[in-house]
>>> print(open('query-v4.txt').read())   # compact mmCIF, C-alpha atoms
# COMPACT_ATOMS: atom_id res chain seq x y z
CA LEU A 99 -9.91 -17.04 31.19
CA THR A 100 -6.85 -15.29 29.79
CA PHE A 101 -6.75 -14.25 26.16
CA THR A 102 -3.64 -13.20 24.27
CA TYR A 103 -4.43 -10.87 21.38
CA TYR A 104 -1.89 -10.37 18.63
CA HIS A 105 -2.87 -7.40 16.55
CA LEU A 106 -0.97 -8.21 13.37
CA ILE A 107 -1.89 -11.87 12.95
CA HIS A 108 -5.54 -10.94 13.41
CA ARG A 109 -5.33 -8.69 10.37
CA CYS A 110 -3.12 -11.07 8.41
CA SER A 111 -5.50 -13.97 8.87
CA ALA A 112 -7.65 -12.67 6.00
CA TRP A 113 -4.67 -12.83 3.64
CA ILE A 114 -3.77 -16.29 4.91
CA TYR A 115 -7.31 -17.46 4.17
CA VAL A 116 -7.28 -15.94 0.67
CA GLY A 117 -3.87 -17.43 -0.05
CA ASP A 118 -4.92 -20.87 1.12
CA ASN A 119 -8.37 -20.92 -0.47
CA ARG A 120 -8.73 -18.34 -3.25
CA LEU A 121 -5.30 -17.89 -4.78
CA ASP A 122 -6.27 -19.32 -8.18
CA GLN A 123 -9.25 -17.00 -8.58
CA ALA A 124 -7.39 -13.77 -9.42
CA GLU A 125 -4.06 -12.47 -10.67
CA TRP A 126 -4.00 -9.35 -8.46
CA PHE A 127 -5.27 -8.92 -4.91
CA CYS A 128 -5.94 -5.61 -3.18
CA LYS A 129 -6.77 -4.46 0.32
CA VAL A 130 -8.94 -1.35 -0.01
CA ASP A 131 -10.10 0.67 2.98
CA TYR A 132 -13.85 1.03 3.37
CA ASP A 133 -13.54 4.78 2.77
CA THR A 134 -11.46 4.47 -0.40
CA TYR A 135 -13.20 4.89 -3.75
CA PHE A 136 -11.69 2.20 -5.98
CA PHE A 137 -11.26 2.18 -9.78
CA PRO A 138 -10.69 -1.51 -10.68
CA GLU A 139 -10.38 -0.84 -14.41
CA ASN A 140 -7.54 1.58 -13.74
CA LEU A 141 -5.71 -1.02 -11.67
CA GLN A 142 -5.98 -3.38 -14.63
CA HIS A 143 -4.77 -0.66 -17.01
CA TYR A 144 -1.77 0.03 -14.76
CA VAL A 145 -0.53 -3.53 -14.29
CA ARG A 146 -1.23 -4.74 -17.83
CA ASP A 147 -0.94 -1.79 -20.18
CA ILE A 148 1.50 0.48 -18.34
CA LYS A 149 3.74 -1.95 -16.47
CA ASN A 150 3.15 -5.21 -18.36
CA TRP A 151 3.77 -7.09 -15.12
CA ASP A 152 3.46 -10.86 -14.83
CA PRO A 153 1.46 -11.60 -11.64
CA ILE A 154 2.19 -15.32 -11.75
CA ASN A 155 5.98 -15.15 -11.98
CA GLU A 156 6.85 -11.70 -10.58
CA HIS A 157 6.74 -10.25 -7.09
CA HIS A 158 4.93 -6.93 -6.76
CA TYR A 159 3.48 -5.02 -3.80
CA PHE A 160 2.44 -1.46 -4.56
CA GLY A 161 0.30 1.57 -3.73
CA ALA A 162 0.88 5.04 -2.28
CA LEU A 163 4.37 4.86 -0.80
CA LEU A 164 5.17 6.66 2.45
CA TYR A 165 8.67 7.66 3.56
CA HIS A 166 8.14 9.69 6.73
CA GLN A 167 8.81 7.07 9.43
CA ASN A 168 12.48 7.67 10.09
CA ASN A 169 12.77 4.64 12.38
CA VAL A 170 11.50 2.32 9.65
CA ARG A 171 14.16 0.81 7.44
CA HIS A 172 11.92 0.47 4.40
CA SER A 173 9.31 2.68 2.79
CA PHE A 174 5.82 1.23 3.05
CA VAL A 175 2.46 1.35 1.32
CA ALA A 176 -0.31 3.43 2.87
CA GLY A 177 -3.33 1.43 3.96
CA ALA A 178 -5.82 3.26 1.72
CA ALA A 179 -5.22 0.79 -1.12
CA ALA A 180 -2.44 -1.78 -1.35
CA CYS A 181 -2.11 -4.50 -3.99
CA TRP A 182 -0.17 -7.75 -4.43
CA SER A 183 0.64 -9.97 -7.36
CA ARG A 184 -0.47 -13.58 -6.97
CA LYS A 185 3.16 -14.67 -6.56
CA THR A 186 3.70 -12.20 -3.71
CA LEU A 187 0.51 -13.18 -1.92
CA ALA A 188 1.43 -16.87 -2.18
CA GLY A 189 4.82 -16.13 -0.65
CA ILE A 190 3.72 -13.83 2.16
CA VAL A 191 1.19 -16.38 3.42
CA ASP A 192 4.01 -18.67 4.54
CA VAL A 193 5.90 -15.72 6.02
CA TYR A 194 2.84 -14.76 8.07
CA LYS A 195 2.25 -18.32 9.22
CA ASN A 196 5.83 -18.62 10.48
CA MET A 197 6.10 -15.09 11.85
CA PRO A 198 7.59 -15.01 15.39
CA LYS A 199 4.96 -14.46 18.08
CA GLY A 200 5.03 -13.60 21.72
CA TYR A 201 7.15 -10.44 21.85
CA GLN A 202 5.45 -7.86 24.06
CA GLY A 203 7.72 -4.85 23.55
CA ARG A 204 7.71 -1.90 21.17
CA TYR A 205 8.68 -1.73 17.52
CA ARG A 206 12.21 -2.98 16.87
CA GLY A 207 12.32 -3.28 13.09
CA ARG A 208 11.49 -6.96 12.74
CA CYS A 209 8.87 -9.05 11.01
CA GLU A 210 7.05 -10.29 14.10
CA ASP A 211 3.63 -10.34 15.68
CA ARG A 212 3.23 -8.09 18.68
CA PRO A 213 0.60 -5.89 20.30
CA GLU A 214 -0.02 -2.58 18.52
CA ALA A 215 1.96 -3.58 15.45
CA SER A 216 1.32 -1.41 12.40
CA GLU A 217 -0.09 -3.49 9.56
CA GLU A 218 1.47 -1.34 6.85
CA ILE A 219 4.96 -1.10 8.36
CA SER A 220 5.02 -4.75 9.40
CA THR A 221 3.94 -5.85 5.93
CA SER A 222 6.86 -4.02 4.33
CA LEU A 223 9.27 -5.58 6.84
CA CYS A 224 7.91 -9.07 6.37
CA LEU A 225 8.06 -8.78 2.59
CA LYS A 226 11.66 -7.59 2.69
CA GLU A 227 12.85 -10.13 5.25
CA GLY A 228 10.84 -13.08 4.00
CA LEU A 229 10.76 -12.58 0.23
CA ASN A 230 13.26 -9.78 -0.50
CA VAL A 231 10.37 -7.77 -1.96
CA THR A 232 10.38 -3.98 -1.66
CA ALA A 233 7.19 -1.94 -1.72
CA GLU A 234 6.76 -0.06 -5.01
CA ALA A 235 5.36 3.43 -5.52
CA MET A 236 2.33 3.50 -7.79
CA VAL A 237 3.18 6.60 -9.80
CA ASP A 238 3.19 7.45 -13.49
CA ASP A 239 6.12 8.72 -15.55
CA GLU A 240 5.43 12.27 -14.32
CA MET A 241 5.57 11.10 -10.67
CA ARG A 242 1.83 11.59 -10.24
CA GLU A 243 0.23 9.25 -7.72
CA TYR A 244 -2.52 6.74 -8.50
CA VAL A 245 -3.79 6.71 -4.91
CA THR A 246 -4.73 9.93 -3.13
CA LEU A 247 -4.67 9.84 0.67
CA ASP A 248 -7.09 12.74 1.12
CA PRO A 249 -10.10 13.84 -0.94
CA TYR A 250 -8.66 14.55 -4.35
CA HIS A 251 -9.90 18.15 -4.51
CA ASN A 252 -7.72 18.84 -1.46
CA VAL A 253 -4.64 17.07 -2.83
CA LEU A 254 -4.86 19.15 -6.00
CA THR A 255 -3.99 22.19 -3.84
CA TRP A 256 -1.06 20.70 -1.88
CA ASN A 257 2.04 22.77 -2.55
CA ARG A 258 5.24 21.29 -1.13
CA THR A 259 7.13 24.57 -1.18
CA LYS A 260 4.46 26.43 0.76
CA GLN A 261 3.47 23.60 3.10
CA GLY A 262 6.95 22.44 4.02
CA GLU A 263 8.01 18.92 4.87
CA TRP A 264 5.07 17.64 6.90
CA TRP A 265 4.59 13.86 7.05
CA PHE A 266 3.03 13.57 3.59
CA TRP A 267 6.03 15.19 1.88
CA LEU A 268 8.78 14.07 4.24
CA ASN A 269 11.56 12.17 2.41
CA LYS A 270 9.56 11.92 -0.82
CA PRO A 271 11.52 12.24 -4.08
CA ALA A 272 12.30 15.84 -4.98
CA ASN A 273 10.33 15.52 -8.23
CA ALA A 274 7.17 14.09 -6.64
CA GLY A 275 4.07 15.52 -8.29
CA GLN A 276 2.22 18.32 -6.55
CA MET A 277 -0.75 20.62 -6.96
CA GLU A 278 -2.52 20.01 -10.29
CA ASN A 279 0.29 17.64 -11.25
CA CYS A 280 -0.24 15.57 -8.10
CA CYS A 281 -2.49 12.85 -9.34
CA ALA A 282 -2.48 10.31 -12.13
CA ILE A 283 -5.24 10.77 -14.69
CA ARG A 284 -6.26 7.12 -14.38
CA PRO A 285 -6.48 6.94 -10.56
CA MET A 286 -6.77 3.65 -8.70
CA GLY A 287 -8.01 4.89 -5.33
CA MET A 288 -9.24 8.01 -3.58
CA HIS A 289 -9.24 7.97 0.21
CA LYS A 290 -11.43 9.55 2.91
CA TYR A 291 -14.89 9.28 1.39
CA LYS A 292 -16.81 7.88 4.32
CA ASN A 293 -20.45 8.59 3.47
CA LYS A 294 -22.89 7.18 0.93
CA TRP A 295 -23.55 10.59 -0.58
CA GLN A 296 -19.83 11.12 -1.15
CA ILE A 297 -19.53 7.85 -3.04
CA GLU A 298 -22.56 8.77 -5.15
CA MET A 299 -20.98 12.18 -5.81
CA LEU A 300 -17.80 10.55 -7.13
CA GLU A 301 -19.84 8.15 -9.25
CA GLU A 302 -21.47 11.12 -10.96
CA GLN A 303 -18.24 13.08 -11.32
CA PHE A 304 -16.28 10.27 -12.95
CA TYR A 305 -18.92 8.03 -14.54
CA GLY A 306 -22.09 10.11 -14.81
CA PRO A 307 -23.52 11.94 -17.83
CA THR A 308 -21.49 14.74 -19.33
CA ASN A 309 -21.93 18.04 -17.46
CA ASN A 310 -24.18 16.56 -14.78
CA LYS A 311 -24.87 18.66 -11.69
CA GLU A 312 -22.00 17.15 -9.68
CA ILE A 313 -19.56 18.20 -12.39
CA THR A 314 -20.91 21.67 -13.05
CA LYS A 315 -20.63 22.63 -9.36
CA LEU A 316 -16.87 21.94 -9.29
CA ASN A 317 -14.35 24.76 -9.18
CA GLU A 318 -12.09 25.26 -12.21
CA ARG A 319 -9.13 23.37 -10.77
CA THR A 320 -11.13 20.32 -9.78
CA ARG A 321 -13.10 20.36 -13.03
CA ARG A 322 -9.89 20.31 -15.07
CA TYR A 323 -8.77 17.17 -13.26
CA VAL A 324 -12.14 15.45 -13.62
CA ASP A 325 -12.14 16.21 -17.34
CA LYS A 326 -8.66 14.68 -17.67
CA VAL A 327 -9.73 11.52 -15.86
CA ARG A 328 -12.91 11.12 -17.88
CA GLY A 329 -10.94 11.73 -21.07
CA ALA A 330 -8.25 9.19 -20.21
CA MET A 331 -10.90 6.60 -19.31
CA GLU A 332 -12.97 7.51 -22.41
CA ILE A 333 -16.09 7.77 -20.27
CA ASP A 334 -18.05 10.12 -22.50
CA GLN A 335 -17.56 7.89 -25.54
CA TYR A 336 -19.63 5.17 -23.86
CA LEU A 337 -22.52 7.26 -22.58
>>> encode(input="query-v4.txt", output="structure tokens")
Amino acid sequence: LTFTYYHLIHRCSAWIYVGDNRLDQAEWFCKVDYDTYFFPENLQHYVRDIKNWDPINEHHYFGALLYHQNNVRHSFVAGAAACWSRKTLAGIVDVYKNMPKGYQGRYRGRCEDRPEASEEISTSLCLKEGLNVTAEAMVDDEMREYVTLDPYHNVLTWNRTKQGEWWFWLNKPANAGQMENCCAIRPMGMHKYKNKWQIEMLEEQFYGPTNNKEITKLNERTRRYVDKVRGAMEIDQYL
């Protein structure tokens, strides 16, 4: 028996299923990596209260935008957490279904299924070619990101001037947030938390009782950020 395996369509099949069978059950749809800690209420706050987006009539695809792939014509959303409006998901389903298949070569900047295709880059290409939708950066008015691609206590220390233009910083806007101004105070996702104890740690830091042991062990920098998040989400008022 000979099997032909197309990497991209295998991953896109989940979205095709959701679009065909579950589209009317939500306004916003997100793909969240298993090791991303997700704040659903902050997603809702962002799309409704900050952006006032219409998921039924407007196209939106957003998350942590990356710019470092020089051979990619469009910026793309990192896989840690990426979200669609219902209108965008409905449209991309048809694009995926009709995506050209069979090409066996390397990346050539097209929306097509092929071996070893990158889900994130291909998604941005297919959205642009099929729907004229451009991936949007999920940042606040101070250019602070809602999705961190490394444990947040690390990202709070990232200094663009000292680190130089490694892939995370490459081609980002000059005013992108950094260090303690890196991260939105109502975050949507935090990446690279792979173990149960890490998830429980974050639960305590952001939702647990005031001054619990997971908070008191934090260094000053990290504690300041946690206090800002809890304040913005009004956590302590509900305990």
>>> residues_near_point(input="query-v4.txt", point="(9.1, -6.0, 14.6)", cutoff="12 Å", atoms="only C-alpha atoms", output="PDB file with C-alpha atoms, keeping the file's coordinate frame")
ATOM      1  CA  LEU A 106      -0.970  -8.210  13.370  1.00  0.00           C
ATOM      2  CA  ASN A 169      12.770   4.640  12.380  1.00  0.00           C
ATOM      3  CA  VAL A 170      11.500   2.320   9.650  1.00  0.00           C
ATOM      4  CA  ARG A 171      14.160   0.810   7.440  1.00  0.00           C
ATOM      5  CA  MET A 197       6.100 -15.090  11.850  1.00  0.00           C
ATOM      6  CA  PRO A 198       7.590 -15.010  15.390  1.00  0.00           C
ATOM      7  CA  LYS A 199       4.960 -14.460  18.080  1.00  0.00           C
ATOM      8  CA  GLY A 200       5.030 -13.600  21.720  1.00  0.00           C
ATOM      9  CA  TYR A 201       7.150 -10.440  21.850  1.00  0.00           C
ATOM     10  CA  GLN A 202       5.450  -7.860  24.060  1.00  0.00           C
ATOM     11  CA  GLY A 203       7.720  -4.850  23.550  1.00  0.00           C
ATOM     12  CA  ARG A 204       7.710  -1.900  21.170  1.00  0.00           C
ATOM     13  CA  TYR A 205       8.680  -1.730  17.520  1.00  0.00           C
ATOM     14  CA  ARG A 206      12.210  -2.980  16.870  1.00  0.00           C
ATOM     15  CA  GLY A 207      12.320  -3.280  13.090  1.00  0.00           C
ATOM     16  CA  ARG A 208      11.490  -6.960  12.740  1.00  0.00           C
ATOM     17  CA  CYS A 209       8.870  -9.050  11.010  1.00  0.00           C
ATOM     18  CA  GLU A 210       7.050 -10.290  14.100  1.00  0.00           C
ATOM     19  CA  ASP A 211       3.630 -10.340  15.680  1.00  0.00           C
ATOM     20  CA  ARG A 212       3.230  -8.090  18.680  1.00  0.00           C
ATOM     21  CA  PRO A 213       0.600  -5.890  20.300  1.00  0.00           C
ATOM     22  CA  GLU A 214      -0.020  -2.580  18.520  1.00  0.00           C
ATOM     23  CA  ALA A 215       1.960  -3.580  15.450  1.00  0.00           C
ATOM     24  CA  SER A 216       1.320  -1.410  12.400  1.00  0.00           C
ATOM     25  CA  GLU A 217      -0.090  -3.490   9.560  1.00  0.00           C
ATOM     26  CA  GLU A 218       1.470  -1.340   6.850  1.00  0.00           C
ATOM     27  CA  ILE A 219       4.960  -1.100   8.360  1.00  0.00           C
ATOM     28  CA  SER A 220       5.020  -4.750   9.400  1.00  0.00           C
ATOM     29  CA  THR A 221       3.940  -5.850   5.930  1.00  0.00           C
ATOM     30  CA  SER A 222       6.860  -4.020   4.330  1.00  0.00           C
ATOM     31  CA  LEU A 223       9.270  -5.580   6.840  1.00  0.00           C
ATOM     32  CA  CYS A 224       7.910  -9.070   6.370  1.00  0.00           C
ATOM     33  CA  GLU A 227      12.850 -10.130   5.250  1.00  0.00           C
TER      34      GLU A 227
END
>>> atom_distance(input="query-v4.txt", atom1="CA of Tyr135 (chain A)", atom2="CA of Gly287 (chain A)")
5.4 Å
>>> residues_near_point(input="query-v4.txt", point="(5.4, -0.4, -7.8)", cutoff="8 Å", atoms="all atoms listed in the file", output="list in words")
His158, Tyr159, Phe160, Gly161, Ala233, Glu234, Ala235, Met236 and Val237 of chain A
>>> residues_around(input="query-v4.txt", residues="Val245 (chain A)", least_positions_apart="2", cutoff="8 Å", atoms="only C-alpha atoms", output="PyMOL selection string")
chain A and resi 161-162+178-179+236+243+247+281+285-289
>>> atom_distance(input="query-v4.txt", atom1="CA of Ala282 (chain A)", atom2="CA of Arg242 (chain A)")
4.9 Å
>>> closest_residue(input="query-v4.txt", among="A:Thr232, A:Ser111, A:Thr246, A:Gln276", to="Phe174 (chain A)", atoms="only C-alpha atoms")
A:Thr232
>>> closest_residue(input="query-v4.txt", among="A:Arg284, A:Lys290, A:Lys315, A:His172", to="Glu332 (chain A)", atoms="all atoms listed in the file")
A:Arg284
>>> closest_residue(input="query-v4.txt", among="A:Asp248, A:Leu187, A:Asn279, A:His166", to="Glu263 (chain A)", atoms="only C-alpha atoms")
A:His166
>>> closest_residue(input="query-v4.txt", among="A:Leu300, A:Val231, A:Ile114, A:Ala272", to="His157 (chain A)", atoms="all atoms listed in the file")
A:Val231
>>> closest_residue(input="query-v4.txt", among="A:Lys270, A:Arg146, A:Arg184, A:His251", to="Leu316 (chain A)", atoms="all atoms listed in the file")
A:His251
>>> closest_residue(input="query-v4.txt", among="A:Trp265, A:Tyr291, A:Tyr165, A:Tyr305", to="Pro249 (chain A)", atoms="all atoms listed in the file")
A:Tyr291
>>> atom_distance(input="query-v4.txt", atom1="CA of Ile154 (chain A)", atom2="CA of Ser173 (chain A)")
24.2 Å
